[in-house]
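One file, my_file_35.cif, is given below (mmCIF, C-alpha atoms).
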```cif
data_final
#
loop_
_atom_site.label_atom_id
_atom_site.label_comp_id
_atom_site.auth_asym_id
_atom_site.auth_seq_id
_atom_site.Cartn_x
_atom_site.Cartn_y
_atom_site.Cartn_z
CA MET A 21 80.39 172.64 119.69
CA ASN A 22 77.41 171.86 117.49
CA LEU A 23 78.06 169.58 114.52
CA GLY A 24 75.64 169.06 111.64
CA PRO A 25 75.15 165.59 110.12
CA LEU A 26 77.56 166.28 107.26
CA GLN A 27 80.27 167.41 109.64
CA TRP A 28 79.79 164.25 111.66
CA VAL A 29 80.34 162.12 108.58
CA ARG A 30 83.44 164.10 107.71
CA ALA A 31 84.88 163.87 111.20
CA THR A 32 84.26 160.15 111.32
CA ALA A 33 85.91 159.64 107.93
CA VAL A 34 89.00 161.55 109.03
CA LEU A 35 89.17 159.59 112.25
CA LEU A 36 88.82 156.30 110.37
CA ALA A 37 91.55 157.22 107.90
CA VAL A 38 93.92 158.13 110.73
CA LEU A 39 93.21 154.86 112.51
CA LEU A 40 93.74 152.82 109.35
CA LEU A 41 97.01 154.52 108.56
CA ALA A 42 98.27 154.06 112.08
CA GLY A 43 97.36 150.38 111.84
CA CYS A 44 99.34 150.15 108.64
CA PHE A 45 102.43 151.68 110.15
CA THR A 46 102.37 149.62 113.30
CA LYS A 47 101.89 146.47 111.26
CA ARG A 48 104.94 147.36 109.20
CA LYS A 49 106.98 148.37 112.19
CA ASN A 50 106.20 145.17 114.11
CA GLU A 51 106.50 142.93 111.10
CA GLY A 52 109.85 141.56 112.23
CA ALA A 53 108.50 140.65 115.66
CA ARG A 54 105.33 139.16 114.18
CA LEU A 55 107.20 137.05 111.64
CA TYR A 56 109.62 135.92 114.31
CA ALA A 57 106.75 134.73 116.51
CA GLN A 58 105.13 132.93 113.57
CA ARG A 59 108.13 131.31 111.95
CA CYS A 60 111.06 131.15 114.31
CA ALA A 61 110.01 131.17 117.96
CA SER A 62 108.81 127.55 117.99
CA CYS A 63 112.42 126.49 117.46
CA HIS A 64 114.66 129.31 118.68
CA GLY A 65 112.41 130.29 121.58
CA GLU A 66 110.45 133.45 122.29
CA ASN A 67 113.58 135.14 123.61
CA GLY A 68 116.02 133.64 121.12
CA GLU A 69 117.34 131.30 123.77
CA GLY A 70 117.57 128.18 121.58
CA LEU A 71 117.22 124.65 122.93
CA ARG A 72 120.27 123.06 124.55
CA ARG A 73 122.64 121.61 121.92
CA LEU A 74 119.76 120.93 119.55
CA ILE A 75 118.91 124.44 118.36
CA PRO A 76 121.39 127.32 118.56
CA PRO A 77 120.52 130.56 120.37
CA LEU A 78 119.99 133.81 118.51
CA ALA A 79 120.35 135.95 121.63
CA GLY A 80 124.04 136.71 122.01
CA SER A 81 124.97 134.49 119.05
CA ASP A 82 128.47 135.14 117.69
CA TYR A 83 127.35 133.49 114.44
CA LEU A 84 125.28 136.56 113.49
CA GLY A 85 128.34 138.78 113.21
CA GLN A 86 130.66 136.13 111.79
CA HIS A 87 128.30 135.02 108.99
CA ARG A 88 126.46 138.25 108.44
CA SER A 89 126.43 138.15 104.64
CA SER A 90 125.06 134.60 104.45
CA LEU A 91 122.05 135.27 106.72
CA PRO A 92 119.51 136.46 104.08
CA CYS A 93 119.98 133.33 101.97
CA GLN A 94 119.98 131.16 105.06
CA LEU A 95 116.56 132.46 106.10
CA ARG A 96 115.16 131.86 102.62
CA LYS A 97 116.80 128.51 101.89
CA GLY A 98 117.36 127.00 105.32
CA LEU A 99 120.52 125.53 106.77
CA ALA A 100 121.98 122.03 107.16
CA GLY A 101 125.26 120.56 108.36
CA GLU A 102 127.44 121.25 111.36
CA ILE A 103 127.81 124.84 112.53
CA THR A 104 129.43 126.34 115.65
CA VAL A 105 127.67 129.00 117.71
CA ASN A 106 129.41 130.43 120.79
CA GLY A 107 131.79 127.48 120.79
CA VAL A 108 129.04 124.83 120.74
CA LYS A 109 128.55 122.53 117.74
CA TYR A 110 125.06 122.11 116.28
CA ASN A 111 123.96 119.81 113.50
CA GLN A 112 120.27 119.82 112.76
CA LEU A 113 118.07 120.89 109.91
CA MET A 114 116.69 124.42 109.75
CA PRO A 115 113.88 124.70 107.19
CA GLY A 116 113.80 127.51 104.62
CA ASN A 117 111.18 130.21 104.22
CA GLU A 118 110.66 130.42 100.48
CA SER A 119 107.57 132.60 100.72
CA LEU A 120 109.26 135.51 102.52
CA THR A 121 109.72 138.69 100.49
CA ASP A 122 112.92 140.74 100.58
CA SER A 123 111.45 143.31 102.92
CA GLU A 124 110.09 140.63 105.22
CA ILE A 125 113.54 139.07 105.43
CA THR A 126 114.99 142.51 106.16
CA ASN A 127 112.51 143.17 108.98
CA LEU A 128 113.05 139.71 110.40
CA LEU A 129 116.83 140.05 110.35
CA ASN A 130 116.70 143.48 111.94
CA TYR A 131 114.42 142.16 114.66
CA VAL A 132 116.93 139.39 115.43
CA GLN A 133 119.91 141.76 115.17
CA THR A 134 118.49 144.21 117.70
CA SER A 135 116.48 142.09 120.16
CA TRP A 136 117.37 140.40 123.46
CA GLY A 137 120.43 142.58 123.91
CA ASN A 138 121.79 141.92 120.40
CA LYS A 139 123.48 144.97 118.91
CA GLU A 140 124.38 143.80 115.41
CA GLU A 141 124.53 146.21 112.49
CA VAL A 142 121.09 146.56 110.86
CA TRP A 143 120.31 145.74 107.23
CA THR A 144 118.79 147.83 104.44
CA ILE A 145 116.45 146.21 101.94
CA LYS A 146 118.98 146.91 99.19
CA GLU A 147 121.73 145.03 101.03
CA VAL A 148 119.40 142.08 101.61
CA ALA A 149 118.26 142.04 97.97
CA ASP A 150 121.91 142.03 96.84
CA GLU A 151 122.65 138.98 98.99
CA LEU A 152 119.50 137.19 97.86
CA LYS A 153 120.82 137.29 94.29
CA TYR A 154 123.07 134.42 95.33
CA CYS A 155 120.11 132.18 96.11
CA GLY A 156 117.47 132.64 93.48
CA GLY A 157 117.25 136.39 93.33
CA ALA A 158 115.27 139.17 94.87
CA ARG A 159 111.56 138.66 95.22
CA GLY A 160 110.27 142.20 95.49
CA LEU A 161 108.87 143.92 98.52
CA MET B 23 68.05 156.89 121.41
CA THR B 24 67.90 159.00 124.54
CA PHE B 25 70.61 158.96 127.08
CA SER B 26 68.60 157.08 129.67
CA THR B 27 67.59 154.28 127.29
CA LEU B 28 71.21 153.98 126.23
CA ARG B 29 72.22 153.68 129.84
CA HIS B 30 69.57 151.06 130.39
CA THR B 31 70.67 148.90 127.45
CA LEU B 32 74.24 149.25 128.54
CA SER B 33 73.62 148.10 132.06
CA VAL B 34 71.50 145.17 130.88
CA SER B 35 74.18 143.98 128.48
CA LEU B 36 76.85 144.47 131.11
CA LEU B 37 74.87 142.31 133.48
CA ALA B 38 74.54 139.62 130.83
CA LEU B 39 78.23 139.78 130.12
CA ALA B 40 79.15 139.65 133.77
CA SER B 41 76.98 136.64 134.45
CA SER B 42 78.24 134.77 131.40
CA LEU B 43 81.75 135.38 132.65
CA LEU B 44 80.97 134.39 136.20
CA PHE B 45 79.01 131.19 135.74
CA PRO B 46 81.54 129.14 133.79
CA ALA B 47 84.10 130.25 136.33
CA CYS B 48 82.00 128.72 139.07
CA SER B 49 81.61 125.37 137.34
CA THR B 50 85.32 125.01 136.52
CA ASN B 51 86.11 125.74 140.13
CA SER B 52 84.05 122.88 141.43
CA ALA B 53 85.44 120.53 138.77
CA SER B 54 89.02 121.26 139.71
CA ALA B 55 88.21 120.73 143.38
CA ASP B 56 87.38 117.11 142.55
CA SER B 57 90.44 116.51 140.45
CA GLU B 58 92.66 117.83 143.20
CA THR B 59 91.97 114.75 145.24
CA LYS B 60 91.98 112.16 142.48
CA LEU B 61 92.89 112.35 138.82
CA PRO B 62 90.27 111.14 136.33
CA TYR B 63 90.54 107.99 134.20
CA LEU B 64 90.62 108.92 130.51
CA GLY B 65 89.96 106.93 127.36
CA ASP B 66 87.25 105.29 125.32
CA ARG B 67 85.65 103.40 128.13
CA ALA B 68 86.54 105.90 130.81
CA MET B 69 84.59 105.26 133.95
CA GLN B 70 85.21 105.97 137.60
CA PRO B 71 86.05 102.71 139.35
CA ALA B 72 83.28 101.37 141.58
CA PRO B 73 84.34 101.79 145.21
CA MET B 74 84.05 98.07 145.99
CA ALA B 75 85.21 96.52 142.74
CA GLY B 76 88.39 98.55 142.37
CA PRO B 77 89.64 99.64 138.98
CA ALA B 78 87.91 97.04 136.84
CA ASP B 79 88.55 96.37 133.16
CA THR B 80 86.00 98.96 132.14
CA ILE B 81 88.82 101.49 132.19
CA PHE B 82 90.80 102.09 129.06
CA THR B 83 94.23 100.46 129.22
CA VAL B 84 97.31 101.24 127.15
CA PRO B 85 97.87 98.22 124.82
CA THR B 86 100.98 96.04 125.08
CA PHE B 87 103.92 97.33 123.08
CA THR B 88 107.50 96.51 122.13
CA LEU B 89 109.77 99.38 121.15
CA THR B 90 113.50 100.05 120.79
CA ASP B 91 115.10 103.00 122.54
CA GLN B 92 118.10 105.24 121.83
CA GLU B 93 120.50 102.67 123.29
CA GLY B 94 119.09 99.89 121.12
CA LYS B 95 117.41 98.33 124.17
CA THR B 96 114.00 96.70 123.87
CA ILE B 97 111.36 98.40 125.96
CA THR B 98 107.91 97.06 126.76
CA ASN B 99 105.12 97.79 129.21
CA ASP B 100 107.22 95.96 131.79
CA THR B 101 109.93 98.61 131.50
CA PHE B 102 107.42 100.92 133.18
CA LYS B 103 106.24 98.44 135.80
CA GLY B 104 105.54 100.14 139.10
CA LYS B 105 106.33 103.54 137.55
CA ILE B 106 104.27 106.36 136.20
CA TYR B 107 105.29 107.85 132.88
CA ILE B 108 104.71 110.81 130.63
CA THR B 109 104.64 110.14 126.93
CA ASP B 110 104.59 112.13 123.70
CA PHE B 111 105.18 111.86 119.95
CA PHE B 112 107.79 113.83 118.02
CA PHE B 113 110.34 113.55 115.23
CA ALA B 114 113.89 114.81 115.09
CA THR B 115 113.50 116.98 111.98
CA CYS B 116 110.10 118.38 112.91
CA PRO B 117 109.95 121.99 111.72
CA SER B 118 106.93 123.14 113.68
CA ILE B 119 105.94 122.37 117.24
CA CYS B 120 108.39 119.68 118.41
CA PRO B 121 111.24 121.83 119.70
CA LYS B 122 108.89 123.89 121.84
CA MET B 123 107.08 120.79 123.00
CA GLN B 124 110.27 118.90 123.84
CA SER B 125 111.62 121.90 125.71
CA GLU B 126 108.42 121.92 127.80
CA LEU B 127 108.80 118.19 128.50
CA LEU B 128 112.41 118.84 129.41
CA ARG B 129 111.13 121.23 132.08
CA VAL B 130 109.05 118.41 133.58
CA TYR B 131 111.97 115.95 133.29
CA GLU B 132 114.30 118.28 135.11
CA LYS B 133 111.82 118.89 137.88
CA PHE B 134 111.35 115.15 138.54
CA GLN B 135 114.86 114.05 137.65
CA GLY B 136 115.53 113.00 141.24
CA ASP B 137 112.45 110.78 141.45
CA PRO B 138 113.01 107.31 139.93
CA ARG B 139 109.25 106.61 140.06
CA VAL B 140 108.70 109.03 137.16
CA LEU B 141 109.79 108.00 133.63
CA PHE B 142 109.52 109.61 130.21
CA LEU B 143 108.82 108.07 126.80
CA SER B 144 109.04 109.97 123.52
CA HIS B 145 108.04 108.09 120.36
CA THR B 146 109.33 109.11 116.95
CA ILE B 147 106.61 109.28 114.33
CA ASP B 148 109.25 109.24 111.59
CA PRO B 149 110.96 105.87 112.14
CA ALA B 150 112.32 105.88 108.58
CA HIS B 151 114.56 108.85 109.37
CA ASP B 152 114.96 108.63 113.14
CA SER B 153 117.24 105.61 113.42
CA ILE B 154 118.72 104.60 116.77
CA PRO B 155 121.87 106.74 116.26
CA VAL B 156 119.68 109.73 115.31
CA LEU B 157 117.59 109.24 118.45
CA ARG B 158 120.69 108.89 120.60
CA ASP B 159 122.15 112.07 119.15
CA TYR B 160 118.85 113.90 119.68
CA ALA B 161 118.61 112.78 123.32
CA GLU B 162 122.20 113.77 124.02
CA ARG B 163 121.74 117.18 122.43
CA LEU B 164 118.65 117.69 124.52
CA GLY B 165 120.77 116.97 127.59
CA VAL B 166 119.21 113.60 128.46
CA LYS B 167 122.08 111.38 129.57
CA ASP B 168 120.14 108.64 131.34
CA ALA B 169 118.26 106.59 128.74
CA SER B 170 116.57 104.55 131.46
CA ARG B 171 114.75 107.69 132.65
CA TRP B 172 113.75 109.16 129.31
CA HIS B 173 113.41 106.71 126.43
CA PHE B 174 113.40 107.99 122.86
CA ALA B 175 111.77 105.09 121.11
CA THR B 176 111.11 103.75 117.65
CA ALA B 177 109.16 100.85 116.14
CA GLN B 178 107.32 99.92 112.96
CA HIS B 179 105.38 102.82 111.57
CA ASP B 180 101.99 101.18 112.24
CA THR B 181 102.91 100.32 115.80
CA ILE B 182 103.77 103.93 116.53
CA PHE B 183 100.63 105.35 114.98
CA GLY B 184 98.48 102.80 116.76
CA LEU B 185 100.06 103.83 120.05
CA ALA B 186 99.55 107.50 119.24
CA ARG B 187 95.85 106.76 118.93
CA ALA B 188 95.86 104.78 122.16
CA TYR B 189 97.51 107.62 124.06
CA MET B 190 95.04 110.02 122.41
CA THR B 191 97.80 112.19 121.01
CA GLY B 192 96.59 111.92 117.40
CA ALA B 193 99.62 111.57 115.12
CA GLN B 194 99.18 110.86 111.43
CA LYS B 195 100.95 111.17 108.11
CA ASP B 196 99.88 114.33 106.33
CA ALA B 197 101.67 115.50 103.21
CA THR B 198 99.95 118.89 103.38
CA VAL B 199 101.68 119.74 106.63
CA LYS B 200 105.24 121.04 106.86
CA GLY B 201 107.48 118.10 107.68
CA GLY B 202 104.96 115.55 106.38
CA PHE B 203 103.27 114.63 109.65
CA ALA B 204 100.39 116.14 111.55
CA HIS B 205 100.46 115.63 115.25
CA SER B 206 99.31 117.41 118.31
CA GLY B 207 101.75 118.30 121.04
CA THR B 208 99.85 116.31 123.64
CA PHE B 209 101.48 114.79 126.71
CA ALA B 210 99.75 111.78 128.28
CA LEU B 211 100.23 110.88 131.93
CA VAL B 212 100.03 107.11 132.52
CA ASP B 213 99.71 105.41 135.90
CA THR B 214 101.16 102.10 137.14
CA GLN B 215 98.04 100.23 135.93
CA ARG B 216 98.48 101.48 132.32
CA HIS B 217 95.57 103.89 132.64
CA ILE B 218 95.75 107.37 131.16
CA ARG B 219 95.19 109.86 133.95
CA GLY B 220 95.82 113.16 132.25
CA LEU B 221 96.25 114.81 128.84
CA TYR B 222 98.06 118.12 128.49
CA ASP B 223 98.80 120.45 125.60
CA GLY B 224 102.58 120.48 125.52
CA MET B 225 102.59 123.80 123.68
CA GLU B 226 100.80 125.53 126.55
CA PRO B 227 103.05 126.32 129.55
CA SER B 228 100.03 126.60 131.89
CA GLN B 229 98.96 123.05 131.00
CA VAL B 230 102.49 121.83 131.58
CA GLU B 231 102.33 123.47 135.03
CA LYS B 232 99.14 121.48 135.64
CA LEU B 233 100.98 118.29 134.66
CA MET B 234 103.71 119.10 137.16
CA GLN B 235 101.05 119.49 139.85
CA ASP B 236 99.27 116.28 138.84
CA ILE B 237 102.38 114.07 138.99
CA PRO B 238 102.78 114.35 142.79
CA LEU B 239 99.02 113.67 143.19
CA LEU B 240 99.34 110.47 141.18
CA LEU B 241 102.45 109.45 143.12
CA LYS B 242 100.59 109.97 146.37
CA GLU B 243 97.73 107.79 145.14
CA ILE B 244 100.18 105.03 144.21
CA GLU B 245 101.93 105.17 147.55
CA ALA B 246 98.55 104.92 149.28
CA GLU B 247 97.65 101.86 147.19
CA LYS B 248 100.98 100.22 148.04
CA GLN B 249 100.27 100.77 151.72
CA THR B 250 96.87 99.05 151.53
CA THR B 251 98.10 96.09 149.47
CA SER B 252 101.13 95.50 151.70
CA ARG B 253 98.97 95.49 154.82
#
```

Conversion result in C-alpha cells:
Amino acid sequence: MNLGPLQWVRATAVLLAVLLLAGCFTKRKNEGARLYAQRCASCHGENGEGLRRLIPPLAGSDYLGQHRSSLPCQLRKGLAGEITVNGVKYNQLMPGNESLTDSEITNLLNYVQTSWGNKEEVWTIKEVADELKYCGGARGL
Amino acid sequence: MTFSTLRHTLSVSLLALASSLLFPACSTNSASADSETKLPYLGDRAMQPAPMAGPADTIFTVPTFTLTDQEGKTITNDTFKGKIYITDFFFATCPSICPKMQSELLRVYEKFQGDPRVLFLSHTIDPAHDSIPVLRDYAERLGVKDASRWHFATAQHDTIFGLARAYMTGAQKDATVKGGFAHSGTFALVDTQRHIRGLYDGMEPSQVEKLMQDIPLLLKEIEAEKQTTSR
C-alpha cells in the first residue's frame, strides 16, 4: 500500500482519536479501582482485608448488605461510633470524602460491592444521588 | 532518515540505555555486600567506628527520654537496655498512612514475637487526643497484648517531636495535611548502644522485608560482642 502525505496525516489522526477514546473509557471503567487505591486502601487494605479489630474488612463484610442504603452518605461524610462487622465490634473514626462526585461514589461502591468475592447488588447513579439527598444533596457527575 | 541510519541510532541509544541500567545495578550490589556483614551507623555524625577505639562518641546516639506507655508505665532508655528496638511515629486517628504502616510493623512484631531481645516502640504524635486509655485501646485492637514487648507511648508534644527528629522519622504539625500532622512512615532500627542502624520506609513492603533481614544480623553482632566482653 502506498500512502500519500495527506493520507498519513488522516490515518494518524484516526489512530490518535481511537487511542484517546479508549483511554477515556478505561479510565471511567477503572475509576472505582483507582479511587479505592487512592482513598481507601491505606486503611482497609489492598484486598479489603481491614486491620485486626482496628479497621473493619470490606471483603466479605456483612455490613455492606445490612446497611446498604446508608453507604453513599457514609463515604461522603465519614463514620464514627461503634459498629459491628461480622460479629466484631469496631470503634474508630473513618474520614469523609467531601470532594467525591455522585458518579465517583457510585463507581467506588460498585468496586467494593463486586471485588474480593463480594457479590452485593450494584448501584445506579440515580439510586446513589437519591441517598445523597440525606446528607447535603447530589453533587453532579 | 534511511533505514540503516535509523538502525544505527537505535542500537546506539539501546547501548546507552543498557549501560545506564547495568552500572547502577553493579554499584548497589557491592554496597549491599558490605551491609550484609555489618549494618551501618546512621545519624548526624555517622562514622564507622575505628577498629581499635570501638564505637566512640562520634556516632550519633538517641537522646535520653522519659515516656508513658499504654499501661501508664514510665519508660526510658533503660527499658530498652540490652535490647534492640524498632520505633515509629503514628496517631490513632491518622487518616492517611498509619494503618498501612502499623500493619507492616505488626508483620515484623509477629515474626519476632518469640524473641525477647527485640522490642517495639510506637510514639503518638497527637498526645492531646491519644491519652493512655486511647493508646491501650489501639494496642488491644491491633492485637498487641504484651505492653512490655510493644510500647505505645506518649509524652509532651515537644518531647515527641524532638525524638522524631532524633530518630530521623520527620514528624511535624502541618495544618495543610489531612489529620493535621505530616509524618513519614519511617521505621528506625536501634541497637543496644542507642545507635540507629537502619531506616526503612514502613509503607514499602520490600523495605520492611529488608528490616526483617537486618534484625537477625544486628542480633548476631550483639551476641558476638557479648561473647568478647564476657571473655

Could you give me, as a Markdown table, a per-residue list for chain A showing, wherever an atom lies at most 10 Å from an atom of chain B, the closest pair of atoms and their distance in Å to one decimal, using all atoms listed in the file and sorting by chain then residue number from low to high?
```
| residue | atom | partner | partner_atom | distance |
| --- | --- | --- | --- | --- |
| A:Gln58 | CA | B:Ser118 | CA | 10.0 |
| A:Arg59 | CA | B:Ser118 | CA | 8.4 |
| A:Cys60 | CA | B:Ser118 | CA | 9.0 |
| A:Ala61 | CA | B:Lys122 | CA | 8.3 |
| A:Ser62 | CA | B:Lys122 | CA | 5.3 |
| A:Cys63 | CA | B:Pro121 | CA | 5.3 |
| A:His64 | CA | B:Pro121 | CA | 8.3 |
| A:Gly65 | CA | B:Lys122 | CA | 7.3 |
| A:Glu66 | CA | B:Lys122 | CA | 9.7 |
| A:Gly70 | CA | B:Pro121 | CA | 9.2 |
| A:Leu71 | CA | B:Ser125 | CA | 6.8 |
| A:Arg72 | CA | B:Leu164 | CA | 5.6 |
| A:Arg73 | CA | B:Arg163 | CA | 4.5 |
| A:Leu74 | CA | B:Arg163 | CA | 5.1 |
| A:Ile75 | CA | B:Pro121 | CA | 8.2 |
| A:Lys109 | CA | B:Arg163 | CA | 9.8 |
| A:Tyr110 | CA | B:Arg163 | CA | 8.6 |
| A:Asn111 | CA | B:Arg163 | CA | 9.6 |
| A:Gln112 | CA | B:Thr115 | CA | 7.4 |
| A:Leu113 | CA | B:Thr115 | CA | 6.4 |
| A:Met114 | CA | B:Pro117 | CA | 7.4 |
| A:Pro115 | CA | B:Pro117 | CA | 6.6 |
| A:Gly116 | CA | B:Pro117 | CA | 9.8 |
```

Using the selection just defined, write its residues with C-alpha atoms as a short mmCIF file (atom, residue, chain, number, x, y, z; two decimals), keeping the file's coordinate frame.
```
data_model
loop_
_atom_site.label_atom_id
_atom_site.label_comp_id
_atom_site.auth_asym_id
_atom_site.auth_seq_id
_atom_site.Cartn_x
_atom_site.Cartn_y
_atom_site.Cartn_z
CA GLN A 58 105.13 132.93 113.57
CA ARG A 59 108.13 131.31 111.95
CA CYS A 60 111.06 131.15 114.31
CA ALA A 61 110.01 131.17 117.96
CA SER A 62 108.81 127.55 117.99
CA CYS A 63 112.42 126.49 117.46
CA HIS A 64 114.66 129.31 118.68
CA GLY A 65 112.41 130.29 121.58
CA GLU A 66 110.45 133.45 122.29
CA GLY A 70 117.57 128.18 121.58
CA LEU A 71 117.22 124.65 122.93
CA ARG A 72 120.27 123.06 124.55
CA ARG A 73 122.64 121.61 121.92
CA LEU A 74 119.76 120.93 119.55
CA ILE A 75 118.91 124.44 118.36
CA LYS A 109 128.55 122.53 117.74
CA TYR A 110 125.06 122.11 116.28
CA ASN A 111 123.96 119.81 113.50
CA GLN A 112 120.27 119.82 112.76
CA LEU A 113 118.07 120.89 109.91
CA MET A 114 116.69 124.42 109.75
CA PRO A 115 113.88 124.70 107.19
CA GLY A 116 113.80 127.51 104.62
#
```

Practice task
Write out as a VMD selection string the residues lying within 12 Å of stretch 87-97 of chain B, counting all atoms listed in the file and excluding same-chain residues fewer than 4 positions away.
Solution key: chain B and resid 83 101 to 103 142 to 146 149 152 to 162 166 to 186 188 216

Handout entry: Nearest residue to A:Leu128 from the set A:Glu51, A:Glu151, A:Asp82, A:Glu141 (distances using all atoms listed in the file)
Key =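 Closest to A:Leu128, using all atoms listed in the file: A:Glu51.
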
Problem - Length of the atom CA of A:Glu147 to atom CA of A:Val108 vector [Å] - result: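 Separation of atom CA of A:Glu147 and atom CA of A:Val108: 29.2 Å.
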
Exercise for the section: Enter the distance from atom CA of A:Leu152 to atom CA of A:Asn106, in Å, rounded to one decimal. Expected result: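 One can read the atom CA of A:Leu152 to atom CA of A:Asn106 distance as 25.9 Å.
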
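Distance check against A:Thr104 using all atoms listed in the file: of A:Ser135, A:Ser81, A:Thr144, A:Asn50, the minimum falls on A:Ser81.
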
Handout entry: Picked residues, the PyMOL selection byres ((chain A and resi 130) around 9), expected as an NGL selection string
Key = :A and (52 or 125-129 or 131-135 or 140-144)

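Excluding B:Leu221 itself and same-chain residues fewer than 3 positions from it, the residues having an atom within 8 Å of it are Thr208, Phe209, Ala210, Leu211 and Ile218 of chain B, counting all atoms listed in the file.
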
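Between atom CA of B:Lys105 and atom CA of B:Asp213 there is a distance of 7.1 Å.
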
Exercise for the section: Specify as a ChimeraX atom specification each residue included when the PyMOL selection byres ((chain B and resi 219) around 7) is applied to this file. Expected result: /B:61-64,211-213,217-218,220

Box for stretch 132-138 of chain B: with edges along x, y and z, all listed atoms inside and 6 Å added on each side, what are the centre and edge lengths in Å to one decimal, as lines of an AutoDock Vina configuration file?
```
center_x = 113.4
center_y = 113.1
center_z = 138.3
size_x = 16.2
size_y = 23.6
size_z = 18.3
```

Exercise for the section: Can you pull out every residue within 10 Å of B:Leu241, counting all atoms listed in the file, but drop anything in the same chain fewer than 5 positions away, and send it as a list of chain:residue names? Expected result: B:Lys105, B:Ile106, B:Arg139, B:Val140, B:Asp213, B:Thr214, B:Asp236, B:Ala246, B:Glu247

Handout entry: Selected residue of minimal separation from A:Pro92 among A:Pro76, A:Leu120, A:Lys139, A:Ala57, counting only C-alpha atoms
Key =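 For A:Pro92, the nearest of the given residues is A:Leu120.
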
Fill in the blank from the handout: Closest of B:Pro227, B:Thr86, B:Phe134, B:Thr250 to B:Tyr107, counting only C-alpha atoms, is B:Phe134
